[in-house]
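Shown here: query.cif, mmCIF, C-alpha atoms.
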```
data_structure
#
loop_
_atom_site.label_atom_id
_atom_site.label_comp_id
_atom_site.auth_asym_id
_atom_site.auth_seq_id
_atom_site.Cartn_x
_atom_site.Cartn_y
_atom_site.Cartn_z
CA SER W 163 47.17 53.55 -59.53
CA ARG W 164 44.40 53.40 -56.93
CA ARG W 165 41.80 52.70 -59.62
CA ASN W 166 43.96 49.86 -60.96
CA MET W 167 44.51 48.23 -57.56
CA PRO W 168 43.99 44.44 -57.72
CA ARG W 169 40.78 43.13 -56.20
CA GLU W 170 42.65 40.94 -53.68
CA GLN W 171 44.57 43.98 -52.42
CA ILE W 172 41.34 45.95 -52.04
CA ASP W 173 39.85 43.04 -50.08
CA GLN W 174 42.92 42.92 -47.86
CA MET W 175 42.59 46.63 -47.07
CA LYS W 176 38.87 46.65 -46.21
CA MET W 177 38.22 48.39 -42.92
CA VAL W 178 35.18 46.21 -42.22
CA SER W 179 35.24 42.59 -43.33
CA GLY W 180 33.78 39.39 -41.97
CA GLY W 181 31.88 41.31 -39.34
CA VAL W 182 35.13 42.69 -37.88
CA VAL W 183 36.17 46.35 -37.71
CA HIS W 184 39.91 46.69 -38.33
CA MET W 185 40.86 49.72 -36.27
CA ALA W 186 44.39 50.15 -37.65
CA LYS W 187 43.10 50.26 -41.23
CA MET W 188 40.38 52.71 -40.25
CA ALA W 189 42.90 54.90 -38.43
CA ILE W 190 45.22 55.07 -41.44
CA TYR W 191 42.41 55.82 -43.90
CA CYS W 192 40.80 58.51 -41.75
CA SER W 193 44.02 60.22 -40.63
CA SER W 194 46.17 62.74 -42.40
CA CYS W 195 49.39 61.16 -41.08
CA THR W 196 50.65 57.82 -39.81
CA ASN W 197 53.86 57.76 -37.83
CA GLY W 198 56.14 55.22 -36.23
CA VAL W 199 57.77 56.07 -32.90
CA ALA W 200 61.38 55.13 -33.77
CA ARG W 201 63.19 55.07 -37.09
CA ILE W 202 63.33 51.28 -37.35
CA HIS W 203 59.67 51.04 -36.27
CA THR W 204 58.63 53.41 -39.06
CA GLU W 205 60.56 51.38 -41.63
CA ILE W 206 58.90 48.17 -40.42
CA LEU W 207 55.47 49.82 -40.70
CA LYS W 208 56.19 50.98 -44.25
CA HIS W 209 57.80 47.85 -45.63
CA ASN W 210 56.58 44.93 -43.50
CA ALA W 211 53.48 45.62 -41.44
CA LEU W 212 51.55 48.03 -43.72
CA PRO W 213 53.22 47.95 -47.17
CA GLU W 214 49.97 48.18 -49.13
CA TRP W 215 48.94 51.31 -47.19
CA TYR W 216 52.39 52.85 -47.65
CA GLU W 217 52.10 52.19 -51.39
CA LEU W 218 48.71 53.91 -51.42
CA TYR W 219 49.60 56.88 -49.19
CA PRO W 220 53.41 57.27 -49.08
CA GLU W 221 53.09 60.96 -48.26
CA ARG W 222 51.23 60.20 -45.03
CA PHE W 223 53.92 58.07 -43.41
CA GLN W 224 56.41 59.83 -41.11
CA ASN W 225 58.80 59.00 -38.29
CA LYS W 226 58.54 60.63 -34.88
CA THR W 227 60.94 59.03 -32.43
CA ASN W 228 59.61 59.05 -28.88
CA GLY W 229 61.00 61.35 -26.21
CA ILE W 230 61.11 61.71 -22.43
CA THR W 231 60.78 64.73 -20.19
CA PRO W 232 64.11 65.82 -18.67
CA ARG W 233 62.22 67.62 -15.91
CA ARG W 234 61.21 64.34 -14.26
CA TRP W 235 63.86 61.97 -15.54
CA ILE W 236 66.96 63.86 -14.47
CA ALA W 237 66.18 67.26 -12.90
CA LEU W 238 63.73 65.80 -10.37
CA CYS W 239 65.00 62.25 -9.86
CA ASN W 240 68.73 63.02 -10.00
CA PRO W 241 69.35 66.56 -8.66
CA GLU W 242 73.02 65.82 -7.91
CA LEU W 243 73.80 64.89 -11.52
CA SER W 244 71.67 67.83 -12.70
CA ALA W 245 73.76 70.17 -10.54
CA GLN W 246 76.98 68.83 -12.06
CA ILE W 247 75.65 69.35 -15.58
CA THR W 248 74.53 72.89 -14.73
CA ASP W 249 77.99 73.65 -13.33
CA LEU W 250 79.64 72.38 -16.52
CA LEU W 251 77.26 74.08 -18.96
CA GLY W 252 76.98 77.34 -17.03
CA ASP W 253 73.20 77.58 -16.51
CA GLU W 254 70.00 75.51 -16.27
CA GLY W 255 68.90 76.20 -19.84
CA TRP W 256 69.81 72.65 -20.85
CA ILE W 257 66.72 71.38 -18.98
CA THR W 258 64.52 72.87 -21.71
CA ASP W 259 67.10 72.51 -24.48
CA LEU W 260 68.45 69.01 -24.00
CA SER W 261 70.53 69.22 -27.18
CA ARG W 262 73.03 71.23 -25.12
CA LEU W 263 74.09 68.02 -23.38
CA LYS W 264 76.32 67.42 -26.41
CA GLU W 265 78.68 70.02 -24.91
CA LEU W 266 79.51 67.55 -22.13
CA GLU W 267 81.64 65.48 -24.50
CA LYS W 268 84.57 67.86 -24.00
CA TYR W 269 84.80 66.67 -20.38
CA ALA W 270 85.22 62.99 -21.32
CA GLY W 271 88.98 63.37 -20.75
CA ASP W 272 88.66 65.27 -17.47
CA PRO W 273 89.43 62.85 -14.56
CA ALA W 274 88.08 65.28 -11.95
CA GLN W 275 84.66 65.55 -13.59
CA LEU W 276 84.53 61.80 -14.26
CA ASP W 277 85.34 61.20 -10.59
CA ARG W 278 82.56 63.57 -9.51
CA PHE W 279 80.15 61.74 -11.79
CA SER W 280 81.32 58.39 -10.37
CA ARG W 281 80.76 59.55 -6.80
CA ILE W 282 77.20 60.64 -7.67
CA LYS W 283 76.49 57.26 -9.25
CA SER W 284 77.89 55.46 -6.18
CA ALA W 285 75.70 57.53 -3.87
CA LYS W 286 72.63 56.73 -5.95
CA LYS W 287 73.48 53.02 -5.86
CA ALA W 288 73.84 53.18 -2.07
CA THR W 289 70.44 54.90 -1.80
CA LEU W 290 68.84 52.22 -3.96
CA ALA W 291 70.51 49.49 -1.89
CA GLU W 292 68.94 51.02 1.23
CA TYR W 293 65.54 51.11 -0.50
CA ILE W 294 65.86 47.43 -1.49
CA ALA W 295 66.89 46.44 2.05
CA GLU W 296 63.85 48.26 3.48
CA HIS W 297 61.23 47.18 0.97
CA ASP W 298 62.51 43.81 -0.27
CA ARG W 299 64.43 42.73 2.84
CA THR W 300 67.37 41.79 0.60
CA ALA W 301 70.91 43.00 1.16
CA VAL W 302 72.71 43.95 -2.05
CA ASP W 303 76.31 45.05 -2.59
CA ALA W 304 76.33 48.69 -3.67
CA ASP W 305 79.80 48.12 -5.14
CA SER W 306 78.54 45.43 -7.55
CA ILE W 307 77.41 46.18 -11.09
CA PHE W 308 73.76 47.29 -10.99
CA ASP W 309 72.21 45.61 -14.04
CA ILE W 310 68.61 46.76 -14.37
CA GLN W 311 65.71 45.56 -16.55
CA ILE W 312 62.59 47.61 -15.93
CA LYS W 313 59.65 47.48 -18.34
CA ARG W 314 56.38 45.69 -18.90
CA LEU W 315 56.71 41.93 -18.46
CA HIS W 316 56.24 40.33 -21.86
CA GLU W 317 57.84 37.44 -23.72
CA TYR W 318 58.94 39.73 -26.56
CA LYS W 319 60.89 41.90 -24.08
CA ARG W 320 62.65 38.68 -23.08
CA GLN W 321 63.07 38.96 -19.34
CA HIS W 322 63.46 35.19 -19.57
CA LEU W 323 66.63 35.60 -21.67
CA ASN W 324 68.07 37.60 -18.78
CA ALA W 325 66.93 34.92 -16.33
CA LEU W 326 68.45 32.10 -18.40
CA ASN W 327 71.82 33.86 -18.27
CA ILE W 328 71.55 34.47 -14.53
CA ALA W 329 70.84 30.77 -14.01
CA ALA W 330 73.85 29.92 -16.19
CA GLN W 331 76.04 32.26 -14.13
CA TYR W 332 74.79 30.65 -10.93
CA LEU W 333 75.63 27.15 -12.17
CA TYR W 334 79.06 28.38 -13.31
CA LEU W 335 79.85 29.87 -9.90
CA LYS W 336 78.72 26.69 -8.16
CA GLU W 337 81.17 24.73 -10.31
CA ASN W 338 83.91 27.39 -10.05
CA PRO W 339 83.65 28.97 -6.59
CA ASN W 340 87.03 30.67 -6.91
CA ALA W 341 86.36 32.18 -10.33
CA ASP W 342 87.42 35.78 -10.93
CA PHE W 343 83.87 37.13 -11.24
CA ILE W 344 82.88 40.80 -11.07
CA PRO W 345 79.93 40.92 -8.60
CA LYS W 346 76.61 41.72 -10.24
CA THR W 347 73.20 42.64 -8.89
CA TYR W 348 70.36 41.98 -11.31
CA ILE W 349 67.31 44.14 -10.60
CA PHE W 350 63.92 43.59 -12.25
CA GLY W 351 60.85 45.80 -12.16
CA ALA W 352 57.80 44.87 -14.21
CA LYS W 353 54.10 44.19 -14.17
CA ALA W 354 52.30 41.66 -16.35
CA ALA W 355 48.78 41.88 -17.77
CA PRO W 356 46.35 40.16 -15.34
CA GLY W 357 45.46 37.36 -17.76
CA TYR W 358 48.96 36.77 -19.15
CA TYR W 359 49.69 33.36 -17.63
CA MET W 360 53.14 32.77 -19.14
CA ALA W 361 54.33 36.21 -18.03
CA LYS W 362 53.20 35.40 -14.48
CA GLN W 363 55.19 32.16 -14.63
CA MET W 364 58.26 34.09 -15.78
CA ILE W 365 57.90 36.43 -12.79
CA ARG W 366 57.59 33.42 -10.50
CA MET W 367 60.72 31.86 -12.02
CA ILE W 368 62.80 35.03 -11.58
CA CYS W 369 61.66 35.36 -7.96
CA LYS W 370 62.50 31.73 -7.19
CA LEU W 371 65.85 32.13 -8.87
CA GLY W 372 66.49 35.15 -6.65
CA ASP W 373 65.52 33.20 -3.53
CA LEU W 374 67.91 30.41 -4.49
CA ILE W 375 70.86 32.68 -5.25
CA ASN W 376 70.40 35.23 -2.46
CA ASN W 377 70.30 32.49 0.19
CA ASP W 378 73.26 30.50 -1.12
CA PRO W 379 76.41 31.58 0.77
CA ALA W 380 78.58 30.06 -1.97
CA VAL W 381 77.49 32.63 -4.57
CA ARG W 382 75.58 35.48 -2.96
CA ASP W 383 78.68 37.64 -2.54
CA LYS W 384 79.12 37.58 -6.32
CA LEU W 385 75.53 37.37 -7.57
CA ARG W 386 72.23 38.80 -6.37
CA VAL W 387 68.77 38.94 -7.94
CA VAL W 388 66.01 41.34 -6.89
CA TYR W 389 62.47 41.51 -8.27
CA LEU W 390 60.93 44.70 -6.90
CA GLU W 391 57.22 44.77 -6.12
CA GLU W 392 54.72 47.36 -7.35
CA TYR W 393 56.79 48.74 -10.20
CA CYS W 394 55.66 52.31 -10.94
CA VAL W 395 56.97 55.77 -11.85
CA SER W 396 57.91 56.60 -8.25
CA LEU W 397 59.99 53.43 -8.01
CA SER W 398 61.56 54.21 -11.40
CA GLU W 399 62.82 57.48 -9.96
CA HIS W 400 64.98 55.42 -7.57
CA LEU W 401 66.16 53.03 -10.27
CA MET W 402 67.10 55.31 -13.16
CA PRO W 403 69.87 57.24 -11.36
CA ALA W 404 71.43 54.06 -9.88
CA ALA W 405 71.50 51.89 -13.01
CA GLU W 406 74.81 51.06 -14.66
CA VAL W 407 73.62 48.53 -17.25
CA SER W 408 70.33 49.13 -19.06
CA GLU W 409 68.77 45.90 -20.36
CA GLN W 410 66.95 46.50 -23.67
CA ILE W 411 66.95 42.96 -25.02
CA SER W 412 63.75 42.54 -27.07
CA LEU W 413 63.88 40.39 -30.17
CA ALA W 414 64.92 42.66 -33.04
CA GLY W 415 61.87 43.94 -34.89
CA THR W 416 59.42 43.66 -31.98
CA GLU W 417 59.96 46.83 -29.89
CA ALA W 418 58.36 49.95 -31.35
CA SER W 419 60.64 52.37 -29.52
CA GLY W 420 61.06 52.13 -25.78
CA THR W 421 61.51 55.12 -23.49
CA GLY W 422 63.07 53.43 -20.47
CA ASN W 423 66.21 53.07 -22.57
CA MET W 424 66.27 56.87 -22.95
CA LYS W 425 65.68 57.57 -19.25
CA LEU W 426 68.46 55.19 -18.27
CA MET W 427 71.03 56.60 -20.73
CA LEU W 428 70.18 60.14 -19.59
CA ASN W 429 71.30 59.08 -16.11
CA GLY W 430 74.52 57.50 -17.38
CA ALA W 431 73.60 53.81 -17.77
CA LEU W 432 75.15 51.90 -20.66
CA THR W 433 72.70 50.09 -22.92
CA LEU W 434 72.93 46.32 -23.36
CA GLY W 435 70.55 45.81 -26.23
CA THR W 436 69.52 44.35 -29.53
CA TYR W 437 69.40 46.48 -32.66
CA ASP W 438 65.73 47.26 -32.07
CA GLY W 439 63.45 50.21 -31.38
CA ALA W 440 65.20 53.38 -30.25
CA ASN W 441 68.33 51.36 -29.44
CA VAL W 442 69.24 51.94 -33.09
CA GLU W 443 69.23 55.69 -32.57
CA ILE W 444 70.95 55.45 -29.19
CA HIS W 445 73.73 53.53 -30.96
CA GLU W 446 73.95 56.32 -33.52
CA ALA W 447 73.99 58.99 -30.80
CA VAL W 448 76.69 57.49 -28.55
CA GLY W 449 78.85 55.51 -30.98
CA THR W 450 79.70 51.82 -31.13
CA ASP W 451 82.23 52.04 -28.27
CA ASN W 452 79.64 53.32 -25.78
CA ILE W 453 76.85 50.76 -26.18
CA PHE W 454 76.73 46.96 -26.04
CA ILE W 455 74.80 45.61 -29.03
CA PHE W 456 74.25 41.86 -29.37
CA GLY W 457 72.13 39.35 -31.21
CA MET W 458 70.39 39.09 -34.55
CA ARG W 459 69.15 42.08 -36.47
CA THR W 460 65.65 42.25 -37.94
CA PRO W 461 66.50 40.83 -41.41
CA GLU W 462 68.30 37.91 -39.75
CA VAL W 463 65.29 37.24 -37.52
CA ASN W 464 62.97 37.24 -40.52
CA GLU W 465 65.30 35.01 -42.52
CA LEU W 466 65.61 32.48 -39.69
CA ARG W 467 61.85 32.41 -39.21
CA MET W 468 61.31 31.80 -42.94
CA LYS W 469 63.91 29.01 -43.01
CA GLY W 470 62.36 27.43 -39.94
CA TYR W 471 63.45 28.09 -36.37
CA HIS W 472 64.06 24.99 -34.27
CA PRO W 473 64.95 25.78 -30.64
CA GLU W 474 65.78 22.14 -29.99
CA ASP W 475 68.88 22.57 -32.19
CA TYR W 476 70.27 25.22 -29.83
CA ILE W 477 69.57 23.02 -26.82
CA ASN W 478 71.36 20.05 -28.39
CA ASN W 479 74.38 22.19 -29.28
CA SER W 480 74.89 23.88 -25.89
CA GLN W 481 75.70 22.18 -22.61
CA VAL W 482 75.07 25.48 -20.82
CA ILE W 483 71.51 25.70 -22.19
CA ARG W 484 70.87 22.03 -21.40
CA ASP W 485 71.99 22.51 -17.80
CA VAL W 486 69.77 25.57 -17.32
CA MET W 487 66.77 23.84 -18.90
CA ALA W 488 67.34 20.84 -16.62
CA ARG W 489 67.11 23.09 -13.57
CA MET W 490 63.84 24.52 -14.86
CA TYR W 491 62.41 21.00 -15.17
CA ASN W 492 63.93 19.59 -11.96
CA GLY W 493 63.41 22.55 -9.68
CA ILE W 494 64.61 26.04 -8.75
CA ASN W 495 64.36 26.57 -5.00
CA GLY W 496 61.67 23.92 -4.76
CA ALA W 497 59.58 25.00 -7.75
CA THR W 498 59.55 23.54 -11.25
CA PHE W 499 58.88 25.50 -14.42
CA GLU W 500 57.89 22.90 -17.00
CA GLU W 501 55.52 25.25 -18.82
CA VAL W 502 58.16 27.95 -19.34
CA ALA W 503 60.75 25.32 -20.30
CA ASN W 504 58.36 23.57 -22.70
CA SER W 505 57.45 26.89 -24.30
CA ILE W 506 61.14 27.57 -24.92
CA ARG W 507 61.91 24.05 -26.09
CA ASN W 508 58.92 23.66 -28.41
CA LYS W 509 58.30 27.15 -29.70
CA ASP W 510 60.56 29.94 -28.36
CA PHE W 511 58.66 32.38 -30.56
CA TYR W 512 60.88 35.27 -29.51
CA MET W 513 64.08 33.30 -30.18
CA ALA W 514 65.76 33.64 -26.79
CA LEU W 515 67.93 30.60 -27.49
CA ALA W 516 69.09 31.94 -30.86
CA ASP W 517 70.47 35.06 -29.14
CA PHE W 518 71.61 33.34 -25.93
CA ASP W 519 75.29 32.84 -26.77
CA SER W 520 75.64 36.39 -28.08
CA TYR W 521 73.90 37.80 -25.01
CA ARG W 522 75.97 35.70 -22.63
CA GLY W 523 79.22 36.69 -24.35
CA THR W 524 78.28 40.37 -24.25
CA GLN W 525 77.48 40.14 -20.54
CA HIS W 526 80.96 38.73 -19.98
CA TYR W 527 82.48 41.55 -22.04
CA ILE W 528 80.59 44.14 -19.96
CA SER W 529 82.19 42.76 -16.80
CA GLU W 530 85.63 43.04 -18.35
CA VAL W 531 85.01 46.64 -19.44
CA TYR W 532 83.77 47.49 -15.94
CA ARG W 533 87.18 46.66 -14.47
CA ASN W 534 88.49 49.96 -15.87
CA GLN W 535 86.34 52.45 -14.00
CA LEU W 536 87.82 55.51 -15.71
CA GLU W 537 86.87 54.14 -19.13
CA TRP W 538 83.44 53.04 -17.87
CA ASN W 539 82.72 56.53 -16.52
CA LYS W 540 83.83 58.03 -19.82
CA LYS W 541 81.34 55.80 -21.66
CA SER W 542 78.64 56.85 -19.19
CA LEU W 543 79.36 60.51 -19.85
CA TYR W 544 79.06 59.95 -23.60
CA ASN W 545 75.63 58.41 -22.99
CA ILE W 546 74.45 61.47 -21.05
CA ALA W 547 75.87 63.76 -23.73
CA GLY W 548 74.09 61.79 -26.47
CA ALA W 549 70.66 61.86 -24.84
CA GLY W 550 69.61 65.28 -26.14
CA ARG W 551 67.76 64.04 -29.22
CA PHE W 552 65.45 61.96 -26.99
CA SER W 553 63.79 64.91 -25.26
CA ALA W 554 59.99 65.02 -25.33
CA ASP W 555 60.37 68.71 -26.15
CA ARG W 556 61.96 67.73 -29.46
CA ALA W 557 59.32 65.06 -30.09
CA VAL W 558 56.39 67.41 -29.40
CA THR W 559 57.97 70.10 -31.60
CA ASP W 560 58.29 67.54 -34.42
CA TYR W 561 54.60 66.58 -34.07
CA ALA W 562 53.51 70.23 -33.94
CA ARG W 563 55.48 71.17 -37.04
CA ASP W 564 54.99 68.09 -39.24
CA ILE W 565 51.64 66.61 -38.20
CA TRP W 566 49.52 69.18 -36.35
CA ASN W 567 50.69 72.11 -38.51
CA LEU W 568 50.98 74.41 -35.50
CA LYS W 569 53.31 77.36 -35.26
#
```
Structure rendered as structure tokens:
Amino acid sequence: SRRNMPREQIDQMKMVSGGVVHMAKMAIYCSSCTNGVARIHTEILKHNALPEWYELYPERFQNKTNGITPRRWIALCNPELSAQITDLLGDEGWITDLSRLKELEKYAGDPAQLDRFSRIKSAKKATLAEYIAEHDRTAVDADSIFDIQIKRLHEYKRQHLNALNIAAQYLYLKENPNADFIPKTYIFGAKAAPGYYMAKQMIRMICKLGDLINNDPAVRDKLRVVYLEEYCVSLSEHLMPAAEVSEQISLAGTEASGTGNMKLMLNGALTLGTYDGANVEIHEAVGTDNIFIFGMRTPEVNELRMKGYHPEDYINNSQVIRDVMARMYNGINGATFEEVANSIRNKDFYMALADFDSYRGTQHYISEVYRNQLEWNKKSLYNIAGAGRFSADRAVTDYARDIWNLK
């Protein structure tokens, strides 16, 4: 079959062509294995991104879902929760055998253990609130929902989708000051590449939105926005234990895996996410009732792009979107964001507007679920119990066995 390969396919697979070295093609040809880092990522590599290479070397393609180290991401950063797990499982062996967390599911109906977990989460939220007050000089309500999006700042990760919804919630509260609204604190942590102009503008917009909301006495008791400076691992160790909602909202088909989603679920946060990257496997691990999935799936994204995606249609059909876009053009706390707004209106390559209504509706549903704290804590416990498959120990073992051929 390789000898009979069409000339145009051979030309397409050349490692050096037109004076350019194609590193991905060279890597596949020279390697014994090629692996994706989440199940959906591997399928996209095989059938969309590299189908001709998969046809040539199907035996080389494998999946190895990413993992995280439980030593840092729960034992070190959340010793109180670690102590509770050790008490329930009987010893500390779970720290090097994270699959044992599955045993926690039997405590999902135990109000005493759920209350202990809730008190740990509340203490972690209070500690984070103190950190924010000291470093950001912003007071946040530790009893509000802590909704956290921490990751590299990039349009495909869609921090701007989060910001559009926050702006919509702000405008709603201004129009409905007596609305029954569960208080929410939105916390961002991200760095952008130095030359990534649009990402820098998105950071600026989120910060200005925070300044507007946090200084408005009409809404600040119900809504707060914090963009933390100098996002890094040490800061993450404060954020992971305190998070209640984990924002994983990339356009379906664009996130290879993600590991922040794993760190957050390990500490009891509930994922608000698209069916993308490792979110797919988190959904499988915790069950539909314990995750908040919204938006288009990868085939729907591809179909819409082939048909022709026109963001202007979504603007014309939604008063909420029109009002938010108008604020971007007219000013948010004294600053206008024409470039971000024009990018959304004219291109919106990562389809934030197509997923906006679904995202907004799911955010509302999260607030309703949060009213029942016993049920929320039960969902959190199921997330901790389902995190075992995402251990780096499992991932490294898979690599050693299947790729490196080590005993």
With distances taken over only C-alpha atoms, which residue among W:Arg533, W:Arg551, W:Arg234, W:Arg507 lies nearest Val395 of chain W? W:Arg234
Using all atoms listed in the file, tabulate the residues of segment 265-334 of chain W lying at most 7 Å from any atom of segment 472-490 of chain W, each with its closest atom pair and that distance in Å to one decimal, by chain and increasing residue number, as JSON lines.
```
{"residue": "W:Leu326", "atom": "CA", "partner": "W:Val486", "partner_atom": "CA", "distance": 6.7}
{"residue": "W:Ala329", "atom": "CA", "partner": "W:Val486", "partner_atom": "CA", "distance": 6.3}
{"residue": "W:Ala330", "atom": "CA", "partner": "W:Val486", "partner_atom": "CA", "distance": 6.1}
```
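Ranking W:Gln321, W:Asn340, W:Thr347, W:Asn504 by their shortest atom-to-atom distance to Ile365 of chain W, with all atoms listed in the file included, puts W:Gln321 first.
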If the PyMOL selection byres ((chain W and resi 281) around 12) were run on this exact file, what residues would it hold? Put them as an MDAnalysis selection string. chainID W and resid 242:243 246 274:280 282:288 305 404 535 539
Can you spit out the residues from that selection as a JSON list (two decimals), keeping the file's coordinate frame, using C-alpha atoms?
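Saved result, part33.json, follows:
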```
[["chain", "number", "residue", "atom", "x", "y", "z"],
["W", 242, "GLU", "CA", 73.02, 65.82, -7.91],
["W", 243, "LEU", "CA", 73.80, 64.89, -11.52],
["W", 246, "GLN", "CA", 76.98, 68.83, -12.06],
["W", 274, "ALA", "CA", 88.08, 65.28, -11.95],
["W", 275, "GLN", "CA", 84.66, 65.55, -13.59],
["W", 276, "LEU", "CA", 84.53, 61.80, -14.26],
["W", 277, "ASP", "CA", 85.34, 61.20, -10.59],
["W", 278, "ARG", "CA", 82.56, 63.57, -9.51],
["W", 279, "PHE", "CA", 80.15, 61.74, -11.79],
["W", 280, "SER", "CA", 81.32, 58.39, -10.37],
["W", 282, "ILE", "CA", 77.20, 60.64, -7.67],
["W", 283, "LYS", "CA", 76.49, 57.26, -9.25],
["W", 284, "SER", "CA", 77.89, 55.46, -6.18],
["W", 285, "ALA", "CA", 75.70, 57.53, -3.87],
["W", 286, "LYS", "CA", 72.63, 56.73, -5.95],
["W", 287, "LYS", "CA", 73.48, 53.02, -5.86],
["W", 288, "ALA", "CA", 73.84, 53.18, -2.07],
["W", 305, "ASP", "CA", 79.80, 48.12, -5.14],
["W", 404, "ALA", "CA", 71.43, 54.06, -9.88],
["W", 535, "GLN", "CA", 86.34, 52.45, -14.00],
["W", 539, "ASN", "CA", 82.72, 56.53, -16.52]]
```
When you look at Asp298 of chain W with a cut-off of 10 Å (counting all atoms listed in the file), what residues show up, excluding the ones that are within fewer than 6 positions of it in the same chain? I need them as a VMD selection string. chain W and resid 291 to 292 388 to 391
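Of the residues under consideration (W:Ala447, W:Val407, W:Ile172, W:Ala514), W:Val407 shows the shortest atom-to-atom contact distance to Gly435 of chain W when counting only C-alpha atoms.
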Could you spell out the hits of the PyMOL selection byres ((chain W and resi 370) around 10) on the shown file, as a ChimeraX atom specification? /W:364-369,371-376,387,389,493-498
Would you mind listing what lies within 6 Å of Gly457 of chain W as a PDB file with C-alpha atoms, keeping the file's coordinate frame, with all atoms listed in the file counted and same-chain residues fewer than 6 positions away left out?
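Output file result09.pdb is given in full below:
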```pdb
ATOM      1  CA  THR W 436      69.520  44.350 -29.530  1.00  0.00           C
ATOM      2  CA  ASP W 517      70.470  35.060 -29.140  1.00  0.00           C
ATOM      3  CA  SER W 520      75.640  36.390 -28.080  1.00  0.00           C
TER       4      SER W 520
END
```
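When only C-alpha atoms are used to measure the gap to Tyr532 of chain W, the shortest distance among W:Gln174, W:Ser306, W:Asn228, W:Gln311 belongs to W:Ser306.
When the PyMOL selection byres ((chain W and resi 448) around 10) is evaluated against the file, it yields W:Met427, W:Leu432, W:Glu443, W:Ile444, W:His445, W:Glu446, W:Ala447, W:Gly449, W:Thr450, W:Asp451, W:Asn452, W:Ile453, W:Lys541, W:Ser542, W:Leu543, W:Tyr544, W:Asn545, W:Ile546, W:Ala547, W:Gly548, W:Ala549.
Using all atoms listed in the file, the shortest contact distance between Tyr393 of chain W and any of W:Gly229, W:Gly351, W:Pro241, W:Gly271 is found at W:Gly351.
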Scan for residues within 8 Å of the point (67.5, 65.0, -23.2) in the coordinates of the file, using only C-alpha atoms, and reply as a ChimeraX atom specification. /W:230-232,257,259-261,263,428,549-554
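Between atom CA of Leu323 of chain W and atom CA of Ser529 of chain W there is a distance of 17.8 Å.
In this comparison, which uses only C-alpha atoms, the residue of W:Val302, W:Lys569, W:Pro356, W:Pro273 approaching Trp538 of chain W most closely is W:Pro273.
Going from atom CA of Ser194 of chain W over to atom CA of Gly420 of chain W, you cover 24.7 Å.
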Taking (66.0, 48.3, -35.3) in the file's coordinates as the center, which residues reach within 12 Å of it, counting all atoms listed in the file, put as number ranges by chain? W: 199-207, 410-420, 435-446, 455, 457-463
Any idea what's packed within 9 Å of His316 of chain W, counting only C-alpha atoms, ignoring anything in its chain fewer than 6 positions away? Could you give it as a PyMOL selection string? chain W and resi 353-355+358+360-361+364
Between atom CA of Phe518 of chain W and atom CA of Met424 of chain W, what is the spacing in Å? 24.3 Å
